[in-house]
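A short write-up of the structure that comes next.
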Amino acid sequence: MILQGENILKQYHHNGGLINALDHVSFTVNKGDFVTVTGPSGSGKSTLLLALFGLIRLTSGNIIFDGKKIDNISDRRLTEIRKKSVGYILQSFALIPYLTTIQNVMIPLALEKITFREQVKRAHEILDYIGLSDRIEHLPRELSAGQQQRVAIARSIIHRPQIIMADEPTGNLDPALSLEILGFLKKINQENKITIMMVTHSPVAADYGTMKLHLNEGKIAESNNRLFL
Amino acid sequence: MTISKLVFIELWKRKSQLVTGLLAITLGIAVIVAIQSISVVSEQNVARNLDNLGANILVLPQGASIDDYYTSDIDAPTLPMDYVERILNSTIAGVDNMSPKLTRRIKIGYQSVVLTGILPKSEIASKPLWQSSGLLGAELKTACAPGQSANQSHGLEDVKLQRKAIDTLNSQDCLAGSQVAKRLKISPNGHVNLLGENFRVVKILPETGTVDDDRIFANLRDVQHLLGIENQVSAIEIIGCCNAISVGLLGKLRNILPDTRVTSINQIVSTQIETNQLMKKITLVMLIIIFFVGGISIGNYIWANVNERKKEIGILRMMGAGRFTIYRMFLLKALILGIGGGIIGYCLGTLAGVILGPYFAGIVVRPVYIYLLWSILLSVAISLAGSLFPTYLAAKFDPHSNLQEE
């Protein structure tokens with residue numbers, strides 16, 4: 001087991017009342033799983049993904065990552081975990097617009113203060129792996145949507161994380177590009193044994209999951225989870 | 001790739017933003033430097049003009065009154081000439097100029113005239129001690145101006161004062177005030193009989209509207225001889241630095257001249273002090289206004305920059321950048337902009353002062369090099385201050401909130 005959520009509750013204040021964005025959600029993810037999280041808009045999928053490593057703070061509940069409880073640790077320790085063990089892929093690509101492909105990819109290594117020589121070596125390896133070695137000096141605006149998402153994937157794996165959190169990574173792509181990106185994610189999952197947790201609207205994308213969670217109104221409506229089905 | 005390099009790349013790749021940011025800081029600093037450069041020279045000019053109001057300290061014999069000094073009675077008490085050197089030998093700061101005088105009312109025909117003995121400049125110059133004291137004022141400076149030390153001396157720019165330090169006044173030569181010249185019908189190069197001796201009138205002095213218009217000035221030695229009062233003077237007129245007067249110059253003079261009456265001409269001194277204080281206050285008010293306007297403009301730019309980069313902050317936080325890293329990034333940028341803006345702002349402000357000073361204010365403005373240091377410090381301080389709060393807020397938000405910023 002690499003990640004476990006127990007009774008995760010996230011409430012928002014809205015018009016004087018409380019809304020449960022996540023309503024006592026529980027699940028367990030094993031190392032190497034490819035988890036897909038589906039559900040209608042507003043069901044809490046993205047909230048769950050972002051809440052697991054502190055990008056959104058929980059109201060209550062427990063999160064255990066790699067054997068350690070992380071739901072009530074300091075912002076500094078959560079930041080350290082994200083830096084070393086988590087990679088993020090977002091629907092909007094979230095690339096820094098004034099940095100080139102290779103510079104964007106090297107950011108996680110810069111945050112870990114890895115030497116420039118090592119950063120360049122690993123960035124070239126990764127960009128070669130995802131087929132962007134001929135675009136290393138391009139700015140994001142000079143790349144297609146699919147290429148931008150591949151840069152984001154490269155950035156999410158360059159620091160060799162234990163888990164990748166992908167929030168609708170194919171949401172901005174056409175079907176052909178979506179399949180290409182999903183293929184990459186599957187390849188990364190299988191070849192590098194990196195756990196992936198992916199939020200998606202797409203039933204096709206959801207089929208890539210070895211474990212599936214379906215959320216509705218903040219609750220797990222359906223799951224093939226071994227422990228919490 | 002390092003976080004510092006990220007800052008430099010951002011500055012380099014977003015040149016239009018770099019120019020905008022530098023412009024905001026540069027203009028603020030340039031305005032401050034230009035106004036301050038012009039203000040300092042203006043204050044010096046005003047102070048110089050104030051000094052030209054004339055002597056502001058009188059050293060009189062112990063028993064003498066101000067009335068004696070002006071009426072010049074025949075039996076008015078005197079004090080020894082040596083007192084002049086006693087002042088010069090002291091280390092008292094703030095004595096800018098001195099004029100020992102012997103004054104008596106005499107009769108010329110049926111007319112009553114005040115005869116005043118003065119020392120010409122050439123005679124003062126013959127005394128090495130007096131030369132070294134700076135009383136001749138070869139270089140025009142203004143002791144009362146801000147930034148000048150209290151004992152710096154200055155020359156006499158005003159015609160009325162130049163008369164008192166006239167270059168040469170030979171024996172048997174005299175100068176006549178405008179009114180007395182009219183009354184006695186004296187013309188230049190004419191002659192006038194003073195107590196039985198013939199004197200040549202070398203110059204009719206321009207009208208000043210003071211008691212000097214009714215006086216005849218001759219060499220002090222001649223006057224002492226004519227009156228039979230050798231090595232004595234009626235008074236020593238002193239132009240003292242008003243700042244020095246306000247911090248106890250009179251007391252110091254009294255200490256070295258215990259048997260005299262040292263008094264200030266309050267109207268002149270208070271005018272000088274009040275005007276100087278007014279100039280200082282005006283400059284201070286302007287500086288405060290500019291500081292806030294410039295500071296707000298710089299802070300506003302940084303604030304806008306931090307706000308528009310919230311998404312970038314969110315991305316970095318998501319990838320594991322701590323709050324300190326975010327602070328470091330933005331504060332480094334503010335530091336770079338502050339240093340750049342300070343240097344360019346100083347250069348532009350100084351240039352503006354040098355060009356505009358003579359054109360608009362009729363004054364010559366020279367670069368004040370210490371302002372470069374102040375410009376950089378001020379610019380960096382404002383940039384950092386303007387960055388701190390927005391950076392704090394941006395780093396404090398949930399990374400997710402920033403990621404949603406577009």
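In the structure tokens, chains take letters A, B, ... by order of appearance, with residues numbered from 1 within each chain and ligands from 1 in the order shown.
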
Discussion item. I need the chain A residues near chain B as an MDAnalysis selection string; criterion: at most 6 Å, counting only C-alpha atoms.
Written reply: chainID A and resid 55 79 82:83 110

Discussion item. Please list as a list in words every residue within 8 Å of segment 197-210 of chain A, counting only C-alpha atoms and excluding residues in the same chain fewer than 3 positions away.
Written reply: Asp33, Phe34, Val35, Thr36, Val37, Thr38, Gly39, Pro40, Lys45, Ser46, Leu49, Ile163, Ile164, Met165, Ala166, Asp167, Glu168, Pro169, Thr170, Gly171, Leu179, Leu182 and Lys186 of chain A

Practice prompt. Any chance you could list, as number ranges by chain, the residues in segment 55-201 of chain A that come up alpha helix (DSSP H) when DSSP is run on the backbone?
Written response: A: 75-85, 101-111, 116-129, 145-157, 175-192

Practice prompt. Work out how far apart atom CA of Met211 of chain A and atom CA of Ser223 of chain A are and give it in Å to one decimal.
Written response: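 Interatomic distance, atom CA of Met211 of chain A to atom CA of Ser223 of chain A: 7.7 Å.
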
Fill in: For Gln162 of chain A, the nearest of the candidates A:Met1, A:Ile114, A:Ile70, A:Ile126, counting only C-alpha atoms
A:Met1

Discussion item. Quick one: residues within 10 Å of Ser42 of chain B, only C-alpha atoms, excluding same-chain residues fewer than 2 positions away - as number ranges by chain?
Written reply: B: 36-40, 44-48, 145, 279, 357, 361-365

Write out, as an mmCIF file, in the first residue's frame, the residues just selected, with N, CA and C atoms.
```cif
data_model
loop_
_atom_site.group_PDB
_atom_site.id
_atom_site.type_symbol
_atom_site.label_atom_id
_atom_site.label_comp_id
_atom_site.auth_asym_id
_atom_site.auth_seq_id
_atom_site.Cartn_x
_atom_site.Cartn_y
_atom_site.Cartn_z
ATOM 1 N N GLN B 36 15.780 66.853 -5.211
ATOM 2 C CA GLN B 36 16.695 67.014 -4.078
ATOM 3 C C GLN B 36 17.949 67.774 -4.516
ATOM 4 N N SER B 37 18.466 67.449 -5.713
ATOM 5 C CA SER B 37 19.670 68.142 -6.203
ATOM 6 C C SER B 37 19.399 69.631 -6.350
ATOM 7 N N ILE B 38 18.233 69.949 -6.927
ATOM 8 C CA ILE B 38 17.894 71.366 -7.129
ATOM 9 C C ILE B 38 17.619 72.039 -5.781
ATOM 10 N N SER B 39 16.954 71.309 -4.894
ATOM 11 C CA SER B 39 16.609 71.882 -3.582
ATOM 12 C C SER B 39 17.849 72.276 -2.794
ATOM 13 N N VAL B 40 18.846 71.400 -2.833
ATOM 14 C CA VAL B 40 20.055 71.674 -2.046
ATOM 15 C C VAL B 40 20.718 72.962 -2.533
ATOM 16 N N GLN B 44 21.077 76.613 -0.676
ATOM 17 C CA GLN B 44 22.360 77.312 -0.529
ATOM 18 C C GLN B 44 22.243 78.737 -1.059
ATOM 19 N N ASN B 45 21.517 78.890 -2.169
ATOM 20 C CA ASN B 45 21.337 80.229 -2.739
ATOM 21 C C ASN B 45 20.553 81.130 -1.800
ATOM 22 N N VAL B 46 19.485 80.560 -1.244
ATOM 23 C CA VAL B 46 18.670 81.348 -0.310
ATOM 24 C C VAL B 46 19.516 81.735 0.892
ATOM 25 N N ALA B 47 20.288 80.779 1.401
ATOM 26 C CA ALA B 47 21.129 81.054 2.571
ATOM 27 C C ALA B 47 22.166 82.123 2.250
ATOM 28 N N ARG B 48 22.690 82.058 1.013
ATOM 29 C CA ARG B 48 23.692 83.053 0.612
ATOM 30 C C ARG B 48 23.053 84.443 0.570
ATOM 31 N N ALA B 145 23.885 77.393 4.685
ATOM 32 C CA ALA B 145 23.193 76.412 3.845
ATOM 33 C C ALA B 145 23.315 75.028 4.441
ATOM 34 N N MET B 279 12.827 76.578 4.353
ATOM 35 C CA MET B 279 13.366 75.850 3.190
ATOM 36 C C MET B 279 13.516 74.369 3.516
ATOM 37 N N GLY B 357 17.930 72.749 -13.823
ATOM 38 C CA GLY B 357 18.253 73.706 -12.752
ATOM 39 C C GLY B 357 18.542 75.101 -13.290
ATOM 40 N N ALA B 361 15.364 77.369 -12.636
ATOM 41 C CA ALA B 361 15.604 77.993 -11.334
ATOM 42 C C ALA B 361 16.789 78.953 -11.355
ATOM 43 N N GLY B 362 17.483 79.020 -12.497
ATOM 44 C CA GLY B 362 18.623 79.931 -12.600
ATOM 45 C C GLY B 362 19.756 79.552 -11.672
ATOM 46 N N ILE B 363 19.894 78.286 -11.391
ATOM 47 C CA ILE B 363 20.972 77.846 -10.499
ATOM 48 C C ILE B 363 21.764 76.731 -11.169
ATOM 49 N N VAL B 364 23.041 76.660 -10.804
ATOM 50 C CA VAL B 364 23.893 75.625 -11.381
ATOM 51 C C VAL B 364 23.856 74.404 -10.454
ATOM 52 N N VAL B 365 23.392 73.294 -10.992
ATOM 53 C CA VAL B 365 23.288 72.066 -10.198
ATOM 54 C C VAL B 365 24.420 71.132 -10.602
#
```

Fill in: Among the residues B:Tyr110, B:Phe330, B:Phe199, B:Tyr346, the one that comes closest to Ile25 of chain B [using only C-alpha atoms]
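Answer, going by the shortest atom-to-atom distance: B:Tyr346.
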
Discussion item. Using only C-alpha atoms for the distances, tell me which of A:Asn30, A:Thr47, A:Gln149, A:Gln4 is nearest to Asn104 of chain A.
Written reply: A:Gln149

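Distance-wise, atom CA of Leu205 of chain B and atom CA of Thr71 of chain B end up 20.5 Å apart.
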
Worksheet entry | Backbone DSSP call of strand (DSSP E) for chain A, listed as a ChimeraX atom specification | /A:3-14,17-29,34-38,60-65,68-69,86-90,163-167,195-199,211-216,219-223

Practice prompt. Please provide the set of residues having any atom within 8 Å of Arg261 of chain B, restricted to only C-alpha atoms, with same-chain residues fewer than 2 positions apart removed, written as a list in words.
Written response: Leu58, Val59, Leu60, Pro61, Gln62, Gly63, Ala64, Arg254, Asp259 and Thr263 of chain B

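For the set B:Asn193, B:Asn97, B:Asn300, B:Thr208, the residue with the smallest atom-to-atom gap to Ser178 of chain B is B:Thr208, counting only C-alpha atoms.
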
Item to complete: Do a neighbour search on segment 151-154 of chain A at 10 Å with only C-alpha atoms, toss out local chain neighbours closer than 4 positions, and write the hits as a PyMOL selection string.
Response: chain A and resi 87-95+100-102+104-106+123+125-132+135-136+140+143+145-147+158-159+164+166+169+181+184-185+188
